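Engineer: Pasting start-v1.cif below, which is mmCIF, C-alpha atoms.
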```
data_data
loop_
_atom_site.group_PDB
_atom_site.id
_atom_site.type_symbol
_atom_site.label_atom_id
_atom_site.label_comp_id
_atom_site.auth_asym_id
_atom_site.auth_seq_id
_atom_site.Cartn_x
_atom_site.Cartn_y
_atom_site.Cartn_z
ATOM 1 C CA MET A 1 -19.118 -28.053 8.995
ATOM 2 C CA ARG A 2 -19.753 -28.118 5.256
ATOM 3 C CA GLN A 3 -23.201 -29.597 5.782
ATOM 4 C CA LEU A 4 -23.989 -26.887 8.324
ATOM 5 C CA ALA A 5 -23.169 -24.182 5.780
ATOM 6 C CA ARG A 6 -25.319 -25.879 3.110
ATOM 7 C CA ARG A 7 -28.220 -26.192 5.527
ATOM 8 C CA ILE A 8 -28.032 -22.532 6.517
ATOM 9 C CA GLU A 9 -27.851 -21.518 2.865
ATOM 10 C CA ARG A 10 -31.105 -23.369 2.095
ATOM 11 C CA GLU A 11 -32.957 -22.208 5.238
ATOM 12 C CA ASP A 12 -35.386 -19.685 3.735
ATOM 13 C CA SER A 13 -37.001 -19.171 7.147
ATOM 14 C CA LEU A 14 -33.995 -16.945 7.862
ATOM 15 C CA ASP A 15 -35.232 -14.503 5.221
ATOM 16 C CA ASP A 16 -37.837 -12.980 7.555
ATOM 17 C CA ILE A 17 -35.164 -12.343 10.172
ATOM 18 C CA ALA A 18 -32.852 -10.941 7.512
ATOM 19 C CA ARG A 19 -35.527 -8.524 6.313
ATOM 20 C CA ALA A 20 -36.164 -7.350 9.876
ATOM 21 C CA VAL A 21 -32.447 -6.815 10.497
ATOM 22 C CA ASN A 22 -32.064 -5.032 7.176
ATOM 23 C CA LYS A 23 -34.985 -2.759 8.053
ATOM 24 C CA GLN A 24 -33.337 -1.828 11.341
ATOM 25 C CA LEU A 25 -30.030 -1.129 9.615
ATOM 26 C CA ASP A 26 -31.821 1.052 7.060
ATOM 27 C CA SER A 27 -33.503 3.031 9.827
ATOM 28 C CA VAL A 28 -30.132 3.653 11.469
ATOM 29 C CA LEU A 29 -28.466 4.639 8.190
ATOM 30 C CA ALA A 30 -31.366 6.957 7.351
ATOM 31 C CA ARG A 31 -30.204 9.185 10.210
ATOM 32 C CA VAL A 32 -26.688 9.476 8.762
ATOM 33 C CA PRO A 33 -26.285 12.712 6.724
ATOM 34 C CA GLU A 34 -23.626 11.224 4.403
ATOM 35 C CA ARG A 35 -25.030 7.703 4.154
ATOM 36 C CA ARG A 36 -23.466 6.887 0.775
ATOM 37 C CA LYS A 37 -20.024 8.107 1.813
ATOM 38 C CA LEU A 38 -20.199 6.077 5.018
ATOM 39 C CA LEU A 39 -21.200 2.904 3.157
ATOM 40 C CA ASP A 40 -18.479 3.414 0.543
ATOM 41 C CA PHE A 41 -15.957 3.749 3.373
ATOM 42 C CA LEU A 42 -17.215 0.599 5.119
ATOM 43 C CA HIS A 43 -17.279 -1.399 1.871
ATOM 44 C CA GLY A 44 -13.678 -0.375 1.164
ATOM 45 C CA ALA A 45 -14.343 1.436 -2.125
ATOM 46 C CA TRP A 46 -11.626 3.968 -1.209
ATOM 47 C CA LEU A 47 -9.171 1.122 -0.599
ATOM 48 C CA GLY A 48 -9.863 -0.945 -3.703
ATOM 49 C CA HIS A 49 -10.294 -3.957 -1.406
ATOM 50 C CA PRO A 50 -13.071 -5.106 0.946
ATOM 51 C CA LEU A 51 -12.442 -3.535 4.359
ATOM 52 C CA HIS A 52 -14.077 -6.181 6.565
ATOM 53 C CA PRO A 53 -11.640 -9.073 5.922
ATOM 54 C CA LEU A 54 -8.707 -6.791 6.715
ATOM 55 C CA LEU A 55 -10.183 -5.713 10.040
ATOM 56 C CA VAL A 56 -11.188 -9.187 11.245
ATOM 57 C CA SER A 57 -7.553 -10.284 11.371
ATOM 58 C CA VAL A 58 -7.142 -8.072 14.461
ATOM 59 C CA PRO A 59 -9.643 -9.811 16.781
ATOM 60 C CA ILE A 60 -8.821 -13.304 15.520
ATOM 61 C CA GLY A 61 -5.106 -12.768 16.078
ATOM 62 C CA ALA A 62 -5.553 -11.031 19.419
ATOM 63 C CA TRP A 63 -7.952 -13.603 20.838
ATOM 64 C CA THR A 64 -5.799 -16.508 19.691
ATOM 65 C CA THR A 65 -2.877 -14.808 21.425
ATOM 66 C CA ALA A 66 -4.934 -14.483 24.621
ATOM 67 C CA VAL A 67 -5.695 -18.204 24.718
ATOM 68 C CA PHE A 68 -2.038 -18.980 23.990
ATOM 69 C CA MET A 69 -0.948 -16.710 26.842
ATOM 70 C CA ASP A 70 -3.367 -18.502 29.149
ATOM 71 C CA ALA A 71 -1.770 -21.802 28.181
ATOM 72 C CA LEU A 72 1.673 -20.474 29.113
ATOM 73 C CA HIS A 73 0.530 -18.954 32.391
ATOM 74 C CA PRO A 74 0.115 -21.021 35.575
ATOM 75 C CA ARG A 75 -3.444 -22.242 36.007
ATOM 76 C CA GLY A 76 -5.465 -19.988 38.255
ATOM 77 C CA GLY A 77 -3.050 -17.088 37.913
ATOM 78 C CA ARG A 78 -3.828 -13.798 36.261
ATOM 79 C CA SER A 79 -2.327 -13.103 32.829
ATOM 80 C CA HIS A 80 -2.122 -9.386 32.109
ATOM 81 C CA ALA A 81 -0.924 -10.162 28.578
ATOM 82 C CA ALA A 82 -4.057 -12.216 27.927
ATOM 83 C CA GLU A 83 -6.250 -9.435 29.289
ATOM 84 C CA ALA A 84 -4.566 -6.881 27.024
ATOM 85 C CA ALA A 85 -4.945 -9.180 24.014
ATOM 86 C CA ILE A 86 -8.649 -9.681 24.723
ATOM 87 C CA ALA A 87 -9.161 -5.924 24.980
ATOM 88 C CA VAL A 88 -7.378 -5.362 21.650
ATOM 89 C CA GLY A 89 -9.524 -8.077 20.083
ATOM 90 C CA LEU A 90 -12.733 -6.496 21.363
ATOM 91 C CA ALA A 91 -11.717 -3.116 19.947
ATOM 92 C CA GLY A 92 -10.886 -4.726 16.594
ATOM 93 C CA ALA A 93 -14.162 -6.658 16.522
ATOM 94 C CA LEU A 94 -16.205 -3.530 17.204
ATOM 95 C CA ALA A 95 -14.416 -1.866 14.275
ATOM 96 C CA ALA A 96 -14.891 -4.851 11.946
ATOM 97 C CA ALA A 97 -18.592 -5.397 12.689
ATOM 98 C CA PRO A 98 -19.977 -2.261 10.950
ATOM 99 C CA ALA A 99 -17.991 -3.066 7.801
ATOM 100 C CA GLY A 100 -19.321 -6.617 7.833
ATOM 101 C CA TRP A 101 -22.945 -5.556 8.240
ATOM 102 C CA ALA A 102 -22.528 -2.947 5.484
ATOM 103 C CA ASP A 103 -21.338 -5.692 3.121
ATOM 104 C CA TRP A 104 -24.184 -7.943 4.276
ATOM 105 C CA THR A 105 -26.852 -5.470 3.116
ATOM 106 C CA ALA A 106 -25.661 -5.866 -0.495
ATOM 107 C CA LEU A 107 -25.637 -9.685 -0.726
ATOM 108 C CA ASN A 108 -27.983 -12.076 -2.495
ATOM 109 C CA ASP A 109 -30.365 -14.317 -0.527
ATOM 110 C CA ARG A 110 -28.082 -17.366 -0.253
ATOM 111 C CA GLN A 111 -25.119 -15.297 0.871
ATOM 112 C CA ARG A 112 -27.262 -13.244 3.206
ATOM 113 C CA ARG A 113 -28.552 -16.292 5.098
ATOM 114 C CA ILE A 114 -25.059 -17.495 5.892
ATOM 115 C CA GLY A 115 -23.977 -13.926 6.602
ATOM 116 C CA LEU A 116 -26.797 -13.517 9.106
ATOM 117 C CA VAL A 117 -25.655 -16.555 11.095
ATOM 118 C CA HIS A 118 -22.021 -15.476 10.701
ATOM 119 C CA GLY A 119 -22.801 -12.035 12.114
ATOM 120 C CA GLY A 120 -25.019 -13.354 14.899
ATOM 121 C CA LEU A 121 -22.402 -15.877 15.959
ATOM 122 C CA ASN A 122 -19.764 -13.158 16.003
ATOM 123 C CA GLY A 123 -22.018 -11.225 18.374
ATOM 124 C CA VAL A 124 -21.953 -14.217 20.726
ATOM 125 C CA VAL A 125 -18.167 -14.379 20.347
ATOM 126 C CA ILE A 126 -17.795 -10.707 21.285
ATOM 127 C CA ALA A 127 -20.037 -11.251 24.313
ATOM 128 C CA SER A 128 -17.975 -14.293 25.372
ATOM 129 C CA PHE A 129 -14.697 -12.410 25.272
ATOM 130 C CA GLY A 130 -16.313 -9.427 26.962
ATOM 131 C CA LEU A 131 -17.437 -11.689 29.810
ATOM 132 C CA SER A 132 -13.994 -13.263 29.897
ATOM 133 C CA LEU A 133 -12.353 -9.866 30.347
ATOM 134 C CA ILE A 134 -14.808 -8.836 33.072
ATOM 135 C CA CYS A 135 -14.265 -12.104 34.947
ATOM 136 C CA ARG A 136 -10.506 -11.662 34.748
ATOM 137 C CA LEU A 137 -10.614 -8.075 35.994
ATOM 138 C CA ILE A 138 -12.714 -8.996 39.025
ATOM 139 C CA SER A 139 -10.765 -12.227 39.590
ATOM 140 C CA PHE A 140 -13.830 -14.375 38.978
ATOM 141 C CA GLY A 141 -13.178 -17.974 37.932
ATOM 142 C CA PRO A 142 -14.604 -18.721 34.463
ATOM 143 C CA GLY A 143 -12.617 -16.111 32.500
ATOM 144 C CA ARG A 144 -10.567 -18.739 30.685
ATOM 145 C CA PHE A 145 -13.650 -20.800 29.932
ATOM 146 C CA PHE A 146 -15.328 -17.857 28.212
ATOM 147 C CA SER A 147 -12.159 -17.255 26.173
ATOM 148 C CA LEU A 148 -12.127 -20.851 24.945
ATOM 149 C CA LEU A 149 -15.846 -20.660 24.208
ATOM 150 C CA GLY A 150 -15.348 -17.433 22.284
ATOM 151 C CA LEU A 151 -12.415 -18.748 20.270
ATOM 152 C CA GLY A 152 -14.379 -21.856 19.313
ATOM 153 C CA GLY A 153 -17.280 -19.700 18.159
ATOM 154 C CA ALA A 154 -14.885 -17.458 16.248
ATOM 155 C CA GLY A 155 -13.574 -20.503 14.398
ATOM 156 C CA ILE A 156 -17.080 -21.521 13.306
ATOM 157 C CA ALA A 157 -17.918 -17.943 12.318
ATOM 158 C CA ALA A 158 -14.681 -17.721 10.333
ATOM 159 C CA TYR A 159 -15.572 -20.931 8.492
ATOM 160 C CA LEU A 160 -18.966 -19.520 7.526
ATOM 161 C CA GLY A 161 -17.341 -16.273 6.407
ATOM 162 C CA GLY A 162 -14.874 -18.192 4.270
ATOM 163 C CA ASP A 163 -17.718 -20.252 2.812
ATOM 164 C CA MET A 164 -19.466 -17.049 1.729
ATOM 165 C CA VAL A 165 -16.321 -15.805 0.023
ATOM 166 C CA TYR A 166 -14.794 -18.890 -1.561
ATOM 167 C CA ARG A 167 -17.917 -20.881 -2.441
ATOM 168 C CA LEU A 168 -20.654 -18.263 -2.821
ATOM 169 C CA GLN A 169 -18.245 -15.539 -4.008
ATOM 170 C CA ALA A 170 -19.348 -12.767 -1.670
ATOM 171 C CA GLY A 171 -16.848 -9.924 -1.847
ATOM 172 C CA VAL A 172 -15.011 -11.548 -4.758
ATOM 173 C CA ALA A 173 -14.419 -9.473 -7.890
ATOM 174 C CA HIS A 174 -16.676 -10.954 -10.576
ATOM 175 C CA VAL A 175 -15.276 -10.815 -14.090
ATOM 176 C CA ALA A 176 -16.252 -12.295 -17.441
ATOM 177 C CA ASP A 177 -15.148 -15.886 -18.078
ATOM 178 C CA GLU A 178 -13.236 -14.901 -21.214
ATOM 179 C CA GLU A 179 -10.034 -12.868 -21.351
ATOM 180 C CA PRO A 180 -10.641 -9.218 -22.298
ATOM 181 C CA PRO A 181 -10.051 -8.571 -25.993
ATOM 182 C CA GLY A 182 -6.932 -6.877 -27.287
ATOM 183 C CA GLN A 183 -7.352 -4.459 -30.160
ATOM 184 C CA GLU A 184 -10.501 -5.826 -31.763
ATOM 185 C CA GLN A 185 -13.172 -4.571 -34.131
ATOM 186 C CA MET A 186 -16.703 -4.403 -32.739
ATOM 187 C CA PRO A 187 -19.654 -5.928 -34.617
ATOM 188 C CA VAL A 188 -21.536 -2.601 -34.463
ATOM 189 C CA SER A 189 -21.134 0.805 -36.076
ATOM 190 C CA GLU A 190 -21.190 4.270 -34.543
ATOM 191 C CA ALA A 191 -24.311 5.072 -36.544
ATOM 192 C CA SER A 192 -26.215 2.379 -34.632
ATOM 193 C CA PHE A 193 -25.962 4.367 -31.376
ATOM 194 C CA SER A 194 -28.305 7.159 -30.391
ATOM 195 C CA GLU A 195 -27.241 9.828 -27.912
ATOM 196 C CA ARG A 196 -27.287 8.567 -24.277
ATOM 197 C CA GLU A 197 -27.802 4.978 -25.392
ATOM 198 C CA MET A 198 -25.832 1.981 -24.162
ATOM 199 C CA LYS A 199 -25.660 -1.565 -25.480
ATOM 200 C CA ARG A 200 -24.099 -4.877 -24.526
ATOM 201 C CA VAL A 201 -21.802 -6.139 -27.267
ATOM 202 C CA GLU A 202 -19.828 -9.388 -27.313
ATOM 203 C CA ILE A 203 -16.321 -9.427 -28.753
ATOM 204 C CA ASP A 204 -14.932 -12.961 -29.096
ATOM 205 C CA GLY A 205 -17.248 -14.040 -26.275
ATOM 206 C CA PHE A 206 -16.252 -11.167 -23.974
ATOM 207 C CA PRO A 207 -19.180 -8.877 -23.019
ATOM 208 C CA VAL A 208 -18.563 -5.137 -23.194
ATOM 209 C CA LEU A 209 -20.774 -2.152 -22.527
ATOM 210 C CA VAL A 210 -20.737 0.557 -25.186
ATOM 211 C CA ALA A 211 -22.359 3.912 -24.398
ATOM 212 C CA LYS A 212 -22.694 7.168 -26.308
ATOM 213 C CA VAL A 213 -22.603 10.393 -24.270
ATOM 214 C CA ASN A 214 -22.191 13.882 -25.764
ATOM 215 C CA GLY A 215 -21.346 12.356 -29.115
ATOM 216 C CA ARG A 216 -18.497 10.248 -27.699
ATOM 217 C CA LEU A 217 -18.395 6.479 -27.361
ATOM 218 C CA PHE A 218 -17.231 4.843 -24.131
ATOM 219 C CA SER A 219 -16.697 1.163 -23.450
ATOM 220 C CA LEU A 220 -16.367 -0.884 -20.247
ATOM 221 C CA ALA A 221 -16.408 -4.574 -19.427
ATOM 222 C CA ASP A 222 -20.090 -5.385 -18.944
ATOM 223 C CA VAL A 223 -19.776 -7.464 -15.745
ATOM 224 C CA CYS A 224 -20.152 -5.630 -12.429
ATOM 225 C CA PRO A 225 -17.369 -6.932 -10.157
ATOM 226 C CA HIS A 226 -19.647 -6.859 -7.097
ATOM 227 C CA LEU A 227 -22.010 -9.731 -7.934
ATOM 228 C CA GLY A 228 -21.669 -10.123 -11.699
ATOM 229 C CA CYS A 229 -24.709 -8.189 -12.937
ATOM 230 C CA SER A 230 -24.797 -6.684 -16.431
ATOM 231 C CA LEU A 231 -23.920 -2.980 -16.391
ATOM 232 C CA ALA A 232 -25.720 -2.504 -19.717
ATOM 233 C CA GLU A 233 -28.984 -3.126 -17.863
ATOM 234 C CA GLY A 234 -28.219 -0.318 -15.425
ATOM 235 C CA THR A 235 -28.587 3.461 -15.593
ATOM 236 C CA LEU A 236 -26.452 5.716 -17.776
ATOM 237 C CA MET A 237 -25.476 9.103 -16.362
ATOM 238 C CA ALA A 238 -23.308 11.890 -17.779
ATOM 239 C CA ASP A 239 -20.011 10.463 -16.548
ATOM 240 C CA ARG A 240 -20.883 7.057 -15.115
ATOM 241 C CA VAL A 241 -22.964 3.911 -15.297
ATOM 242 C CA ILE A 242 -24.905 2.685 -12.252
ATOM 243 C CA CYS A 243 -25.424 -1.049 -11.768
ATOM 244 C CA LYS A 244 -29.084 -2.022 -11.453
ATOM 245 C CA CYS A 245 -28.470 -4.642 -8.754
ATOM 246 C CA HIS A 246 -26.933 -2.783 -5.814
ATOM 247 C CA GLY A 247 -26.116 0.677 -7.145
ATOM 248 C CA SER A 248 -22.365 0.398 -7.721
ATOM 249 C CA GLU A 249 -21.122 3.288 -9.878
ATOM 250 C CA PHE A 250 -18.291 3.195 -12.420
ATOM 251 C CA ALA A 251 -16.665 6.023 -14.374
ATOM 252 C CA LEU A 252 -17.206 5.775 -18.116
ATOM 253 C CA ALA A 253 -13.783 7.287 -18.767
ATOM 254 C CA ASP A 254 -11.641 4.718 -16.962
ATOM 255 C CA GLY A 255 -13.875 2.187 -15.157
ATOM 256 C CA SER A 256 -12.884 3.400 -11.689
ATOM 257 C CA VAL A 257 -15.276 2.926 -8.763
ATOM 258 C CA LEU A 258 -17.274 6.068 -8.004
ATOM 259 C CA GLY A 259 -19.629 4.392 -5.523
ATOM 260 C CA GLY A 260 -19.879 1.014 -3.763
ATOM 261 C CA PRO A 261 -20.624 -1.666 -2.776
ATOM 262 C CA ALA A 262 -18.190 -2.708 -5.535
ATOM 263 C CA VAL A 263 -14.566 -2.062 -4.604
ATOM 264 C CA GLN A 264 -12.814 -3.228 -7.785
ATOM 265 C CA PRO A 265 -12.801 -1.186 -11.028
ATOM 266 C CA VAL A 266 -13.979 -2.573 -14.349
ATOM 267 C CA GLN A 267 -11.817 -2.825 -17.438
ATOM 268 C CA ALA A 268 -12.170 0.238 -19.653
ATOM 269 C CA PHE A 269 -11.564 0.325 -23.405
ATOM 270 C CA GLU A 270 -10.604 3.067 -25.831
ATOM 271 C CA VAL A 271 -13.048 3.250 -28.738
ATOM 272 C CA THR A 272 -11.747 4.437 -32.105
ATOM 273 C CA GLU A 273 -13.563 4.822 -35.422
ATOM 274 C CA ALA A 274 -12.180 4.356 -38.924
ATOM 275 C CA ASP A 275 -14.252 4.126 -42.100
ATOM 276 C CA GLY A 276 -17.381 3.523 -40.041
ATOM 277 C CA ALA A 277 -15.867 0.577 -38.150
ATOM 278 C CA LEU A 278 -15.370 0.694 -34.366
ATOM 279 C CA THR A 279 -12.315 -0.757 -32.661
ATOM 280 C CA VAL A 280 -11.771 -1.241 -28.920
ATOM 281 C CA THR A 281 -8.380 -1.281 -27.202
ATOM 282 C CA PRO A 282 -7.943 -2.027 -23.467
ATOM 283 C CA LYS A 283 -6.890 0.915 -21.321
ATOM 284 C CA GLY A 284 -4.332 0.644 -18.563
#
```
Go ahead and express the file in the form of structure tokens.

Structural biologist:
Amino acid sequence: MRQLARRIEREDSLDDIARAVNKQLDSVLARVPERRKLLDFLHGAWLGHPLHPLLVSVPIGAWTTAVFMDALHPRGGRSHAAEAAIAVGLAGALAAAPAGWADWTALNDRQRRIGLVHGGLNGVVIASFGLSLICRLISFGPGRFFSLLGLGGAGIAAYLGGDMVYRLQAGVAHVADEEPPGQEQMPVSEASFSEREMKRVEIDGFPVLVAKVNGRLFSLADVCPHLGCSLAEGTLMADRVICKCHGSEFALADGSVLGGPAVQPVQAFEVTEADGALTVTPKG
């Protein structure tokens, strides 16, 4: 299974398919009046946690239950409990899919290739359980076969999803390697900042963003938790900084998420000045 994931990750021929799928998703989202709010909801920005992995537990649990109920029920008989579990799983899968595809649009190429196969395979899984339910309702033979087929596919899809998260760090909060500083003096002075200017400054190896807005200095950890990009290379607005990579927005005042795809806040620091020297102290 590991070799399969590595092969998919290196298969750049998937990029053309990914671009076509992404184009179709963009065309659908273009018709949504509140596109940004919808994406933030699907990413889980409101929750402070990715939404997709929470939702997928419903179909996986329900479909596993259905197969278990089949095993307990006499062969050839009809299991109403299994049918109900399959229906719950289908409803959960249809809820989880939009969140997964929303996350997929904001991945890098390696993650996106595996995500494309993961999503496509999940489509086959949904179809298998859908066929299983139809066969059961009309008392047609291969209902159990389609359930087993679907559960096997779900296992492979789950492995690929886990590979994206744990090895390629998709959906994982990216932070600097070093511990955030305590109360430390910065190697820059207030006079070195122009209005609406931001800089990346390292304090004991920890990168921080320092920005000056309306005569006040703000400081945040400089690593975007979405995919680890430098916030100092992004865009500075009146009350926020926007990451250049995928457009995540963070409040200058406290580092909270104002717009996804990031779902985790960044560490904010209080900046104080004494005798021309600047000191940062972690907030929160």

Engineer: Under the rule that only C-alpha atoms are counted, which of A:Ser57, A:Ser128, A:Ser147, A:Thr64 is the nearest residue to Ala93 of chain A?

Structural biologist: A:Ser57

Engineer: Between atom CA of Leu29 of chain A and atom CA of Leu47 of chain A, measure the distance and give it in Å to one decimal.

Structural biologist: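 Atom CA of Leu47 of chain A lies 21.5 Å from atom CA of Leu29 of chain A.
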
Engineer: Could you pull out every residue with an atom within 10 Å of (-19.2, 6.8, -0.8), file coordinates, counting all atoms listed in the file, and send them as a PyMOL selection string?

Structural biologist: chain A and resi 34-46+248-249+257-261

Engineer: Just checking: using only C-alpha atoms, which residue out of A:Pro50, A:Gly89, A:Gly182, A:Gly61 ends up closest to Ile126 of chain A?

Structural biologist: A:Gly89

Engineer: Give me the residues near Glu9 of chain A as a tab-separated table (two decimals) with C-alpha atoms, in the coordinates of the input, where near means some atom within 9 Å (using all atoms listed in the file) and where sequence neighbours in that chain fewer than 2 positions away do not count.

Structural biologist:
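Final file, result.tsv:
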```tsv
chain	number	residue	atom	x	y	z
A	4	LEU	CA	-23.99	-26.89	8.32
A	5	ALA	CA	-23.17	-24.18	5.78
A	6	ARG	CA	-25.32	-25.88	3.11
A	7	ARG	CA	-28.22	-26.19	5.53
A	11	GLU	CA	-32.96	-22.21	5.24
A	12	ASP	CA	-35.39	-19.68	3.74
A	109	ASP	CA	-30.36	-14.32	-0.53
A	110	ARG	CA	-28.08	-17.37	-0.25
A	111	GLN	CA	-25.12	-15.30	0.87
A	112	ARG	CA	-27.26	-13.24	3.21
A	113	ARG	CA	-28.55	-16.29	5.10
A	114	ILE	CA	-25.06	-17.50	5.89
```

Engineer: Which of these residues is nearest to Arg200 of chain A, using only C-alpha atoms: A:Leu25, A:Ala238, A:Val175, A:Leu231?

Structural biologist: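 Closest residue, counting only C-alpha atoms: A:Leu231.
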
Engineer: Mind checking which residues fall within 12 Å of segment 130-135 of chain A, counting all atoms listed in the file, ignoring those fewer than 6 positions away in the same chain, and posting them as a PDB file with C-alpha atoms, keeping the file's coordinate frame?

Structural biologist:
```
ATOM      1  CA  TRP A  63      -7.952 -13.603  20.838  1.00  0.00           C
ATOM      2  CA  ALA A  66      -4.934 -14.483  24.621  1.00  0.00           C
ATOM      3  CA  VAL A  67      -5.695 -18.204  24.718  1.00  0.00           C
ATOM      4  CA  ASP A  70      -3.367 -18.502  29.149  1.00  0.00           C
ATOM      5  CA  ARG A  78      -3.828 -13.798  36.261  1.00  0.00           C
ATOM      6  CA  SER A  79      -2.327 -13.103  32.829  1.00  0.00           C
ATOM      7  CA  HIS A  80      -2.122  -9.386  32.109  1.00  0.00           C
ATOM      8  CA  ALA A  81      -0.924 -10.162  28.578  1.00  0.00           C
ATOM      9  CA  ALA A  82      -4.057 -12.216  27.927  1.00  0.00           C
ATOM     10  CA  GLU A  83      -6.250  -9.435  29.289  1.00  0.00           C
ATOM     11  CA  ALA A  84      -4.566  -6.881  27.024  1.00  0.00           C
ATOM     12  CA  ALA A  85      -4.945  -9.180  24.014  1.00  0.00           C
ATOM     13  CA  ILE A  86      -8.649  -9.681  24.723  1.00  0.00           C
ATOM     14  CA  ALA A  87      -9.161  -5.924  24.980  1.00  0.00           C
ATOM     15  CA  VAL A  88      -7.378  -5.362  21.650  1.00  0.00           C
ATOM     16  CA  GLY A  89      -9.524  -8.077  20.083  1.00  0.00           C
ATOM     17  CA  LEU A  90     -12.733  -6.496  21.363  1.00  0.00           C
ATOM     18  CA  ALA A  91     -11.717  -3.116  19.947  1.00  0.00           C
ATOM     19  CA  ALA A  93     -14.162  -6.658  16.522  1.00  0.00           C
ATOM     20  CA  LEU A  94     -16.205  -3.530  17.204  1.00  0.00           C
ATOM     21  CA  GLY A 123     -22.018 -11.225  18.374  1.00  0.00           C
ATOM     22  CA  VAL A 124     -21.953 -14.217  20.726  1.00  0.00           C
ATOM     23  CA  GLY A 141     -13.178 -17.974  37.932  1.00  0.00           C
ATOM     24  CA  PRO A 142     -14.604 -18.721  34.463  1.00  0.00           C
ATOM     25  CA  GLY A 143     -12.617 -16.111  32.500  1.00  0.00           C
ATOM     26  CA  ARG A 144     -10.567 -18.739  30.685  1.00  0.00           C
ATOM     27  CA  PHE A 145     -13.650 -20.800  29.932  1.00  0.00           C
ATOM     28  CA  PHE A 146     -15.328 -17.857  28.212  1.00  0.00           C
ATOM     29  CA  SER A 147     -12.159 -17.255  26.173  1.00  0.00           C
ATOM     30  CA  LEU A 148     -12.127 -20.851  24.945  1.00  0.00           C
ATOM     31  CA  LEU A 149     -15.846 -20.660  24.208  1.00  0.00           C
ATOM     32  CA  GLY A 150     -15.348 -17.433  22.284  1.00  0.00           C
ATOM     33  CA  LEU A 151     -12.415 -18.748  20.270  1.00  0.00           C
TER      34      LEU A 151
END
```
